[in-house]
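Undergrad: Have a look at this one.
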Amino acid sequence: MYKLELWGGAECTVNRVGDVWRDQLHETGHDERPADLDLFARLGIAALRFPILWERVAPERPDLCDWRWTDVGLARLSDLAIRPIAGLIHHGSGPRYTDLLAHDFATGLARHARAAAERYPWIIDWTPVNEPLTTARFSALYGHWYPHRRDERCFWTALLNQVDATRLAMEEIRRVQPAARLIQTEDLGRTYATVSVREQAAFDNVRRWMSWDLLYGRVVPGHDLWKRLVSFGFENRLRAIADAPCPPDIIGVNHYLTSDRLLDHRLHRYPATLRGGNGRRSFVDTEAARALQPPPPGLALALRDAWQRYRTPLAITEVHNGCTREEQMRWTADAWHTSRELRDEGVDVRAVTSWALLGGRGWNTLLTAEGRYEAGVFDVSAGYARATALVPLLASLAAGEKPSHPVLSGAGWWRRDIRLHHGRVPRPAPLQQHVRGWPRPPIHAPPPVLITGATGTLGQALAAACRHRDIAFVLTDRTQLDLSDPRSIDIALDTCRPWSVINAAGWVRVDDAEVEIDACLAANMAAAKSLAAACAQRDIPSTTFSSDLVFDGRAGRSYVEADRPAPLNVYGRSKAQAEQAIGALPGRHLIVRTAAFFSPFDPHNFAVHVVDALREGRVFHAAEDQVVTPTYVPHLCNAVLDLVIDEADGVWHLTNTEALTWAEFARRIAQRCDLNAELIIPVAGRTLGWRATRPASTPLASERGMLMPTLSEALDCFAIELRSRGVVDRRIAA
């Protein structure tokens with residue numbers, strides 16, 4: 001059997017919503033960074049899914065082609081000895097002179113395929129149309145993408161047009177390169193259902209094969225969907241396809257944690273946003289992993305099903321998880337491990353593809369709105385490709401080595417009870433899959449992250465994040481680790497043997513620091529330096545927190561990491577001195593500047609004080625002359641842990657990105673929590689009785705990456721949590 005290969009791919013969708021085209025190559029900056037290909041090569045990939053997209057090459061006229069970008073990229077791939085897998089259309093409907101329902105769509109793509117093959121005759125592997133069934137659903141059945149149709153006949157037309165486009169494209173390509181191979185991708189999952197909607201699930205589970213069944217020429221009399229398609233008038237087209245099939249040489253399985261679905265007729269068990277139907281019956285359509293117990297077999301079952309149906313070599317052509325870093329790593333490792341296990345069973349799995357190497361933007365809205373950016377193997381949120389912890393993971397897999405990062409000892413969320421958002425729906429399965437038991441502990445317990453500051457907001461929040469993410473940790477207080485005592489530091493580090501240390505302890509009382517200067521400097525500078533130095537001696541990365549108060553607020557703009565500190569108060573001075581001292585140490589040290597913490601889990605922060613006052617009908621005074629960038633603590637903890645896993649170092653600015661005054665922040669809190677914003681009284685900061693001088697404007701921005709959600713998303717999370725605990729509700733608003 002062939003060696004299991006590592007393939008790669010950068011998210012390259014070019015599609016149309018209304019009259020707007022979105023280009024992921026542009027939105028991730030890949031089209032302006034040819035050096036990205038060299039970074040991909042260092043992963044050890046054998047092949048790269050490479051876009052020669054119709055919409056990019058010939059956007060205005062079929063005879064007016066611009067090959068410059070593809071020329072450069074393919075030449076570099078040749079130099080790097082990486083095989084391209086050429087894609088011609090990726091979730092698109094073609095250039096503006098055609099669309100998925102047009103009679104000339106298939107012949108138009110075939111013309112583009114011939115031109116591409118003649119220009120690059122050495123390319124062997126081709127995917128003319130990525131995920132035809134999925135694209136047809138989103139464009140012609142659900143109406144998300146152009147041409148925004150919502151009827152079944154249009155759906156089948158769009159699918160047949162894409163299948164014909166694939167057949168005709170491969171005919172043209174093989175006239176130039178007879179050895180050309182078709183690698184046909186499709187999103188493959190299984191639909192589960194309660195008994196009342198089993199017929200819809202049965203239909204979905206037949207429909208999922210239609211891209212491949214059509215290409216194999218299997219949709220003939222006797223096929224489960226033959227009569228249905230014939231009823232729409234497609235008999236002649238089906239017979240023509242069956243008479244000239246184009247079976248794939250490799251079946252490309254794309255499987256996400258959202259690919260397996262559950263249909264449930266019990267609407268009351270789920271949020272209203274999940275409700276839908278088929279015109280005959282209303283039901284909920286949700287991720288099976290969020291409700292089924294035991295969880296669906298997922299990727300392993302998808303691959304086994306495809307192998308049993310077609311007995312054709314398989315490749316996992318997209319592996320990506322838009323989640324926290326360790327979950328991205330676990331999903332990738334799971335895919336690789338699953339492929340190895342199936343190969344041992346005799347299933348011919350050829351490759352695992354790390355998809356979205358540069359991440360993607362807008363997929364949380366299915367590309368229908370701006371949406372958020374989610375990182376891939378590289379994080380390009382700052383305009384350059386920053387390697388994440390997925391880079392060494394992939395390199396080790398490609399080299400045949402066992403990955404060893406400590407976070408891989410934890411279980412992915414899809415294997416833990418945190419996955420269950422909607423209660424439990426029983427899934428028929430062998431008895432042993434239903435029996436719950438404690439997981440067998442590893443022979444060697446994984447090394448933990450050591451977190452200081454057990455009595456503080458940040459320490460507790462970091463511990464909660466580690467617990468939720470199944471990352472081993474040790475949380476220490478002063479009795480376990482006294483940062484003023486070097487011997488205590490040494491004992492703790494040598495006993496715990498952590499793989500990383502996060503210092504969440506320190507002095508936080510800004511006004512008291514003005515009169516307790518020595519104590520503040522000792523806690524925030526001397527103690528922080530001692531811990532970081534002890535970590536450096538043991539080659540343990542450390543993380544320290546700093547503040548926007550290291551700046552004087554006179555810049556007239558947002559502060560970035562490279563700006564020089566100039567504190568106005570003792571607290572700011574203690575943090576600035578800690579930054580300087582730790583930055584001068586050898587080793588790897590991450591310094592996180594942040595600002596204006598808020599959290600629903602801590603009673604001692606500005607946002608909770610606003611809520612408490614307004615709930616009681618009291619006025620709340622807030623400074624209208626001081627600008628900050630608020631930071632939602634749970635978001636901060638997740639971003640910090642991602643950076644720690646990535647072994648990032650140096651100074652990073654982490655906030656929820658939006659700059660506003662304290663008074664504006666208070667009004668936003670009131671609005672999100674449905675409280676009376678008229679009780680917010682804007683005042684000058686000097687009237688609030690602060691002892692320490694505050695800078696007028698210290699918004700933090702980053703030149704290194706935008707790792708946290710927006711303030712609007714943060715405020716939504718804050719309000720949702722308060723409502724879930726009955727702290728606020730919509731009836732309180734006055």
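Residue names in the structure tokens use chain letters A, B, ... in the order shown, residue numbers from 1 in each chain, and ligand numbers from 1 in the order shown.
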Residues near Ala115 of chain A, anyone? I mean within 12 Å using only C-alpha atoms, not counting same-chain ones fewer than 6 positions away, as a CSV table (one decimal) with N, CA and C atoms, in the first residue's frame.

TA:
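Resulting contents of result_8.csv:
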```
chain,number,residue,atom,x,y,z
A,52,ILE,N,-6.6,27.2,-9.6
A,52,ILE,CA,-6.5,27.8,-10.9
A,52,ILE,C,-7.9,28.2,-11.3
A,53,LEU,N,-8.5,29.1,-10.5
A,53,LEU,CA,-9.9,29.3,-10.5
A,53,LEU,C,-10.4,30.1,-11.7
A,54,TRP,N,-11.5,29.6,-12.2
A,54,TRP,CA,-12.1,30.2,-13.4
A,54,TRP,C,-12.4,31.7,-13.1
A,57,VAL,N,-9.0,33.7,-13.1
A,57,VAL,CA,-8.2,33.7,-14.3
A,57,VAL,C,-8.9,34.5,-15.4
A,58,ALA,N,-10.2,34.3,-15.5
A,58,ALA,CA,-11.0,34.9,-16.6
A,58,ALA,C,-12.3,35.5,-16.1
A,62,PRO,N,-14.2,34.9,-21.3
A,62,PRO,CA,-13.5,33.6,-21.3
A,62,PRO,C,-12.2,33.6,-22.1
A,63,ASP,N,-12.1,34.6,-23.1
A,63,ASP,CA,-10.8,34.6,-23.9
A,63,ASP,C,-9.8,35.6,-23.4
A,64,LEU,N,-10.1,36.2,-22.2
A,64,LEU,CA,-9.2,37.2,-21.6
A,64,LEU,C,-8.7,36.6,-20.3
A,65,CYS,N,-7.6,35.9,-20.3
A,65,CYS,CA,-7.1,35.2,-19.2
A,65,CYS,C,-5.8,35.8,-18.6
A,66,ASP,N,-5.8,35.9,-17.3
A,66,ASP,CA,-4.6,36.4,-16.6
A,66,ASP,C,-4.0,35.2,-15.8
A,67,TRP,N,-2.9,34.7,-16.2
A,67,TRP,CA,-2.3,33.5,-15.6
A,67,TRP,C,-1.1,33.9,-14.7
A,88,LEU,N,-10.4,24.1,-10.2
A,88,LEU,CA,-10.9,25.1,-11.2
A,88,LEU,C,-12.1,26.0,-10.7
A,108,GLY,N,-18.4,26.0,-20.5
A,108,GLY,CA,-17.5,27.1,-20.1
A,108,GLY,C,-16.4,26.7,-19.2
A,109,LEU,N,-16.7,25.8,-18.2
A,109,LEU,CA,-15.6,25.3,-17.3
A,109,LEU,C,-14.7,24.4,-18.1
A,121,PRO,N,0.7,21.5,-18.7
A,121,PRO,CA,0.5,20.1,-19.1
A,121,PRO,C,1.1,19.1,-18.2
A,169,ALA,N,-14.7,18.8,-18.3
A,169,ALA,CA,-13.3,19.3,-18.0
A,169,ALA,C,-12.3,18.2,-18.0
A,172,GLU,N,-11.3,17.3,-21.6
A,172,GLU,CA,-10.4,18.3,-22.2
A,172,GLU,C,-9.0,18.2,-21.6
A,173,ILE,N,-8.9,18.0,-20.3
A,173,ILE,CA,-7.6,17.8,-19.6
A,173,ILE,C,-6.9,16.6,-20.1
A,175,ARG,N,-7.2,15.1,-22.9
A,175,ARG,CA,-6.7,15.3,-24.3
A,175,ARG,C,-5.3,15.9,-24.3
A,176,VAL,N,-5.0,16.7,-23.3
A,176,VAL,CA,-3.6,17.2,-23.2
A,176,VAL,C,-2.7,16.3,-22.4
```

Undergrad: What's the 6 Å shell around segment 142-149 of chain A, counting only C-alpha atoms, without same-chain residues fewer than 3 positions away, as a list in words?

TA: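 Result of the neighbour search: Arg16, Val17, Arg137, Phe138 and Ser139 of chain A.
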
Undergrad: Would you list the contacts of segment 323-332 of chain A as a VMD selection string, taking every protein, DNA or RNA residue within 8 Å and counting only C-alpha atoms, but skipping same-chain residues closer than 3 positions in sequence?

TA: chain A and resid 319 to 320 335 to 336 354 389 to 390 393 407 to 408 411 to 413 469 638 642 645

Undergrad: Could you please take those selected residues and save C-alpha atoms as a PDB file, in the first residue's frame?

TA:
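Saved to again_35.pdb:
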```pdb
ATOM      1  CA  VAL A 319      -9.093  18.575   7.804  1.00  0.00           C
ATOM      2  CA  HIS A 320      -9.866  21.760   9.706  1.00  0.00           C
ATOM      3  CA  ALA A 335      -7.694  12.308  11.365  1.00  0.00           C
ATOM      4  CA  TRP A 336      -4.162  11.017  10.939  1.00  0.00           C
ATOM      5  CA  SER A 354      -4.440  19.968   6.293  1.00  0.00           C
ATOM      6  CA  ALA A 389       1.551  24.911  17.152  1.00  0.00           C
ATOM      7  CA  LEU A 390       0.019  23.050  14.208  1.00  0.00           C
ATOM      8  CA  LEU A 393       2.523  18.849  14.704  1.00  0.00           C
ATOM      9  CA  VAL A 407      -2.118  19.234  25.100  1.00  0.00           C
ATOM     10  CA  LEU A 408      -2.599  16.205  22.853  1.00  0.00           C
ATOM     11  CA  ALA A 411      -9.619  14.607  24.627  1.00  0.00           C
ATOM     12  CA  GLY A 412     -11.247  16.688  21.903  1.00  0.00           C
ATOM     13  CA  TRP A 413     -14.533  18.360  22.816  1.00  0.00           C
ATOM     14  CA  ARG A 469     -10.252  22.664  27.214  1.00  0.00           C
ATOM     15  CA  ASN A 638      -8.501  31.499  25.472  1.00  0.00           C
ATOM     16  CA  ASP A 642      -3.504  29.632  22.283  1.00  0.00           C
ATOM     17  CA  ILE A 645       0.524  26.503  23.049  1.00  0.00           C
TER      18      ILE A 645
END
```

Undergrad: Residues of segment 220-329 of chain A in strand (DSSP E or B) according to DSSP, as a compact mmCIF listing (two decimals) with N, CA and C atoms, in the first residue's frame?

TA:
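File written: part05.txt
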```
# COMPACT_ATOMS: atom_id res chain seq x y z
N ILE A 250 -9.45 9.13 -7.23
CA ILE A 250 -9.37 9.20 -5.77
C ILE A 250 -10.61 9.93 -5.28
N ILE A 251 -11.26 9.36 -4.29
CA ILE A 251 -12.41 10.02 -3.67
C ILE A 251 -11.89 10.89 -2.53
N GLY A 252 -12.19 12.17 -2.62
CA GLY A 252 -11.76 13.12 -1.59
C GLY A 252 -12.87 13.35 -0.58
N VAL A 253 -12.68 12.88 0.63
CA VAL A 253 -13.69 13.01 1.69
C VAL A 253 -13.36 14.23 2.54
N ASN A 254 -14.28 15.17 2.56
CA ASN A 254 -14.19 16.31 3.47
C ASN A 254 -15.19 16.06 4.60
N ARG A 261 -25.32 15.07 10.99
CA ARG A 261 -26.48 15.87 11.41
C ARG A 261 -27.48 15.02 12.18
N LEU A 262 -28.25 15.68 13.00
CA LEU A 262 -29.37 15.06 13.70
C LEU A 262 -30.64 15.83 13.37
N LEU A 263 -31.68 15.11 12.95
CA LEU A 263 -33.01 15.69 12.73
C LEU A 263 -33.90 15.23 13.87
N ASP A 264 -34.55 16.18 14.53
CA ASP A 264 -35.36 15.86 15.70
C ASP A 264 -36.68 16.62 15.59
N ARG A 275 -34.69 25.54 14.04
CA ARG A 275 -35.90 24.94 13.50
C ARG A 275 -36.00 25.12 11.99
N GLY A 276 -36.46 24.08 11.35
CA GLY A 276 -36.67 24.12 9.90
C GLY A 276 -37.70 23.08 9.53
N GLY A 277 -37.59 22.56 8.31
CA GLY A 277 -38.54 21.55 7.88
C GLY A 277 -38.41 21.28 6.41
N SER A 282 -42.12 19.82 10.37
CA SER A 282 -41.14 20.70 10.99
C SER A 282 -40.19 19.86 11.84
N PHE A 283 -38.93 20.23 11.83
CA PHE A 283 -37.95 19.53 12.66
C PHE A 283 -36.74 20.43 12.87
N VAL A 284 -35.91 20.00 13.80
CA VAL A 284 -34.65 20.68 14.08
C VAL A 284 -33.54 19.96 13.33
N ASP A 285 -32.62 20.73 12.77
CA ASP A 285 -31.44 20.18 12.11
C ASP A 285 -30.22 20.73 12.85
N THR A 286 -29.53 19.86 13.56
CA THR A 286 -28.39 20.31 14.36
C THR A 286 -27.22 19.34 14.20
N GLU A 287 -26.06 19.73 14.72
CA GLU A 287 -24.90 18.86 14.68
C GLU A 287 -25.15 17.62 15.53
N LEU A 292 -26.27 13.52 20.18
CA LEU A 292 -26.32 12.07 20.19
C LEU A 292 -25.45 11.48 21.31
N GLN A 293 -25.97 10.43 21.94
CA GLN A 293 -25.23 9.69 22.93
C GLN A 293 -25.42 8.20 22.67
N LEU A 314 -9.03 6.47 -1.28
CA LEU A 314 -9.59 7.61 -0.58
C LEU A 314 -8.48 8.57 -0.16
N ALA A 315 -8.86 9.83 -0.02
CA ALA A 315 -8.01 10.82 0.65
C ALA A 315 -8.92 11.70 1.49
N ILE A 316 -8.46 12.05 2.67
CA ILE A 316 -9.17 13.08 3.44
C ILE A 316 -8.67 14.41 2.88
N THR A 317 -9.53 15.10 2.17
CA THR A 317 -9.08 16.27 1.41
C THR A 317 -9.31 17.60 2.13
N GLU A 318 -9.96 17.57 3.29
CA GLU A 318 -10.02 18.77 4.12
C GLU A 318 -10.07 18.33 5.58
N VAL A 319 -9.09 18.75 6.36
CA VAL A 319 -9.09 18.58 7.80
C VAL A 319 -8.89 19.95 8.42
```

Undergrad: Which residue, A:Val651, A:Ala102, A:Ala385, A:Ala595, has the smallest gap to Leu549 of chain A when you use only C-alpha atoms?

TA: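 For Leu549 of chain A, the nearest of the candidates is A:Ala595.
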
Undergrad: Can you tell me, as a list of chain:residue names, what residues are no more than 7 Å from Leu475 of chain A when counting only C-alpha atoms, ignoring any on the same chain fewer than 6 positions away?

TA: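 What passes the distance filter is A:Leu450, A:Ile451, A:Thr452, A:Ala454, A:Ala463.
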
Undergrad: Which residues are near Ala472 of chain A? Cut-off 12 Å, only C-alpha atoms, ignore same chain within fewer than 5 positions. Put them as a PyMOL selection string.

TA: chain A and resi 326+405-411+445-451+462-467+496+498-500+641

Undergrad: If you keep C-alpha atoms, can you produce a file of those selected residues as a PDB file, in the first residue's frame?

TA:
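Result written to out_29.pdb:
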```pdb
ATOM      1  CA  GLU A 326      -5.364  22.339  21.100  1.00  0.00           C
ATOM      2  CA  HIS A 405       2.787  18.232  22.620  1.00  0.00           C
ATOM      3  CA  PRO A 406       1.308  17.917  26.155  1.00  0.00           C
ATOM      4  CA  VAL A 407      -2.118  19.234  25.100  1.00  0.00           C
ATOM      5  CA  LEU A 408      -2.599  16.205  22.853  1.00  0.00           C
ATOM      6  CA  SER A 409      -3.066  14.080  25.968  1.00  0.00           C
ATOM      7  CA  GLY A 410      -6.478  15.710  26.442  1.00  0.00           C
ATOM      8  CA  ALA A 411      -9.619  14.607  24.627  1.00  0.00           C
ATOM      9  CA  ALA A 445       0.493  11.903  33.548  1.00  0.00           C
ATOM     10  CA  PRO A 446       1.048  14.733  31.091  1.00  0.00           C
ATOM     11  CA  PRO A 447       3.057  17.709  32.326  1.00  0.00           C
ATOM     12  CA  PRO A 448       0.795  20.587  33.336  1.00  0.00           C
ATOM     13  CA  VAL A 449       0.656  24.296  32.807  1.00  0.00           C
ATOM     14  CA  LEU A 450       1.506  25.979  36.103  1.00  0.00           C
ATOM     15  CA  ILE A 451      -0.709  28.988  36.856  1.00  0.00           C
ATOM     16  CA  LEU A 462      -7.282  30.596  33.353  1.00  0.00           C
ATOM     17  CA  ALA A 463      -7.844  27.471  35.416  1.00  0.00           C
ATOM     18  CA  ALA A 464     -11.477  27.334  34.254  1.00  0.00           C
ATOM     19  CA  ALA A 465     -10.360  27.678  30.635  1.00  0.00           C
ATOM     20  CA  CYS A 466      -7.830  24.853  31.037  1.00  0.00           C
ATOM     21  CA  ARG A 467     -10.465  22.674  32.666  1.00  0.00           C
ATOM     22  CA  CYS A 496       5.476  20.363  39.198  1.00  0.00           C
ATOM     23  CA  PRO A 498       5.407  22.257  33.995  1.00  0.00           C
ATOM     24  CA  TRP A 499       5.753  22.668  30.252  1.00  0.00           C
ATOM     25  CA  SER A 500       4.770  26.342  30.587  1.00  0.00           C
ATOM     26  CA  LEU A 641      -3.653  29.741  26.094  1.00  0.00           C
TER      27      LEU A 641
END
```

Undergrad: Please provide the set of residues having any atom within 12 Å of Asp494 of chain A, restricted to only C-alpha atoms, with same-chain residues fewer than 6 positions apart removed, written as a list of chain:residue names.

TA: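 Result of the neighbour search: A:Pro447, A:Leu450, A:Leu481, A:Arg487, A:Ser488, A:Ala534, A:Cys535, A:Gln537, A:Arg538, A:Ile540.
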
Undergrad: Provide the atom CA of His265 of chain A to atom CA of Gly322 of chain A distance in Å, to one decimal place.

TA: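 Pair atom CA of His265 of chain A / atom CA of Gly322 of chain A returns 28.6 Å.
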
Undergrad: Which residue, A:Arg96, A:Arg153, A:His337, A:His26, has the smallest gap to Val380 of chain A when you use only C-alpha atoms?

TA: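 Using only C-alpha atoms, the shortest distance to Val380 of chain A belongs to A:His26.
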
Undergrad: Give me every alpha helix (DSSP H) residue in segment 348-405 of chain A, going by DSSP on the backbone, as an MDAnalysis selection string.

TA: chainID A and resid 390:398

Undergrad: How would the residues just picked look written out with C-alpha atoms as a CSV table (one decimal), in the first residue's frame?

TA:
```
chain,number,residue,atom,x,y,z
A,390,LEU,CA,0.0,23.1,14.2
A,391,VAL,CA,3.3,23.6,12.3
A,392,PRO,CA,5.5,21.3,14.4
A,393,LEU,CA,2.5,18.8,14.7
A,394,LEU,CA,2.2,18.5,10.9
A,395,ALA,CA,5.9,18.3,10.4
A,396,SER,CA,6.1,15.4,12.9
A,397,LEU,CA,3.2,13.6,11.2
A,398,ALA,CA,4.8,14.0,7.7
```

Undergrad: For Arg49 of chain A, list every protein, DNA or RNA residue within 10 Å, evaluated using only C-alpha atoms, and leave out those in the same chain fewer than 2 positions away; present the list as JSON, numbers by chain.

TA: {"A": [7, 8, 9, 10, 11, 12, 47, 51, 52, 83, 84, 85, 86, 87, 125, 126, 127, 317, 318, 353, 354, 355]}

Undergrad: What would the file look like if the residues just selected were written as a PDB file, in the first residue's frame with N, CA and C atoms?

TA:
```pdb
ATOM      1  N   TRP A   7      -1.035  16.097   2.708  1.00  0.00           N
ATOM      2  CA  TRP A   7      -1.316  17.121   1.705  1.00  0.00           C
ATOM      3  C   TRP A   7      -1.728  18.406   2.416  1.00  0.00           C
ATOM      4  N   GLY A   8      -1.802  19.482   1.674  1.00  0.00           N
ATOM      5  CA  GLY A   8      -2.208  20.762   2.244  1.00  0.00           C
ATOM      6  C   GLY A   8      -3.093  21.532   1.290  1.00  0.00           C
ATOM      7  N   GLY A   9      -3.671  22.589   1.811  1.00  0.00           N
ATOM      8  CA  GLY A   9      -4.488  23.464   0.975  1.00  0.00           C
ATOM      9  C   GLY A   9      -4.805  24.754   1.697  1.00  0.00           C
ATOM     10  N   ALA A  10      -4.738  25.857   0.976  1.00  0.00           N
ATOM     11  CA  ALA A  10      -5.175  27.146   1.514  1.00  0.00           C
ATOM     12  C   ALA A  10      -6.626  27.364   1.108  1.00  0.00           C
ATOM     13  N   GLU A  11      -7.463  27.767   2.052  1.00  0.00           N
ATOM     14  CA  GLU A  11      -8.862  28.064   1.735  1.00  0.00           C
ATOM     15  C   GLU A  11      -8.900  29.031   0.555  1.00  0.00           C
ATOM     16  N   CYS A  12      -9.594  28.629  -0.523  1.00  0.00           N
ATOM     17  CA  CYS A  12      -9.497  29.388  -1.779  1.00  0.00           C
ATOM     18  C   CYS A  12     -10.857  29.701  -2.387  1.00  0.00           C
ATOM     19  N   ALA A  47       1.706  17.147  -1.483  1.00  0.00           N
ATOM     20  CA  ALA A  47       0.866  17.745  -2.523  1.00  0.00           C
ATOM     21  C   ALA A  47       0.113  18.925  -1.923  1.00  0.00           C
ATOM     22  N   PRO A  51      -5.318  26.484  -6.398  1.00  0.00           N
ATOM     23  CA  PRO A  51      -6.429  27.056  -7.171  1.00  0.00           C
ATOM     24  C   PRO A  51      -5.987  27.674  -8.502  1.00  0.00           C
ATOM     25  N   ILE A  52      -6.562  27.167  -9.592  1.00  0.00           N
ATOM     26  CA  ILE A  52      -6.469  27.822 -10.901  1.00  0.00           C
ATOM     27  C   ILE A  52      -7.905  28.209 -11.250  1.00  0.00           C
ATOM     28  N   ARG A  83       3.579  18.354  -5.475  1.00  0.00           N
ATOM     29  CA  ARG A  83       2.613  18.117  -6.535  1.00  0.00           C
ATOM     30  C   ARG A  83       1.420  19.034  -6.360  1.00  0.00           C
ATOM     31  N   PRO A  84       0.987  19.717  -7.407  1.00  0.00           N
ATOM     32  CA  PRO A  84      -0.267  20.469  -7.305  1.00  0.00           C
ATOM     33  C   PRO A  84      -1.467  19.581  -7.590  1.00  0.00           C
ATOM     34  N   ILE A  85      -2.547  19.844  -6.884  1.00  0.00           N
ATOM     35  CA  ILE A  85      -3.855  19.273  -7.213  1.00  0.00           C
ATOM     36  C   ILE A  85      -4.689  20.468  -7.657  1.00  0.00           C
ATOM     37  N   ALA A  86      -4.866  20.607  -8.940  1.00  0.00           N
ATOM     38  CA  ALA A  86      -5.421  21.835  -9.502  1.00  0.00           C
ATOM     39  C   ALA A  86      -6.935  21.875  -9.324  1.00  0.00           C
ATOM     40  N   GLY A  87      -7.410  22.951  -8.737  1.00  0.00           N
ATOM     41  CA  GLY A  87      -8.842  23.185  -8.606  1.00  0.00           C
ATOM     42  C   GLY A  87      -9.277  24.304  -9.528  1.00  0.00           C
ATOM     43  N   ASP A 125      -2.923  15.793 -11.244  1.00  0.00           N
ATOM     44  CA  ASP A 125      -4.098  15.693 -10.380  1.00  0.00           C
ATOM     45  C   ASP A 125      -4.990  16.925 -10.491  1.00  0.00           C
ATOM     46  N   TRP A 126      -6.307  16.674 -10.652  1.00  0.00           N
ATOM     47  CA  TRP A 126      -7.248  17.767 -10.883  1.00  0.00           C
ATOM     48  C   TRP A 126      -8.523  17.565 -10.058  1.00  0.00           C
ATOM     49  N   THR A 127      -9.057  18.659  -9.576  1.00  0.00           N
ATOM     50  CA  THR A 127     -10.394  18.707  -8.975  1.00  0.00           C
ATOM     51  C   THR A 127     -11.138  19.845  -9.664  1.00  0.00           C
ATOM     52  N   THR A 317      -9.530  15.105   2.166  1.00  0.00           N
ATOM     53  CA  THR A 317      -9.076  16.275   1.409  1.00  0.00           C
ATOM     54  C   THR A 317      -9.305  17.601   2.126  1.00  0.00           C
ATOM     55  N   GLU A 318      -9.958  17.572   3.287  1.00  0.00           N
ATOM     56  CA  GLU A 318     -10.018  18.766   4.124  1.00  0.00           C
ATOM     57  C   GLU A 318     -10.070  18.331   5.580  1.00  0.00           C
ATOM     58  N   THR A 353      -5.261  15.760   4.348  1.00  0.00           N
ATOM     59  CA  THR A 353      -5.002  17.125   3.881  1.00  0.00           C
ATOM     60  C   THR A 353      -5.272  18.130   4.983  1.00  0.00           C
ATOM     61  N   SER A 354      -4.241  18.854   5.365  1.00  0.00           N
ATOM     62  CA  SER A 354      -4.440  19.968   6.293  1.00  0.00           C
ATOM     63  C   SER A 354      -5.005  21.128   5.485  1.00  0.00           C
ATOM     64  N   TRP A 355      -6.262  21.431   5.752  1.00  0.00           N
ATOM     65  CA  TRP A 355      -6.970  22.442   4.975  1.00  0.00           C
ATOM     66  C   TRP A 355      -6.921  23.787   5.691  1.00  0.00           C
TER      67      TRP A 355
END
```
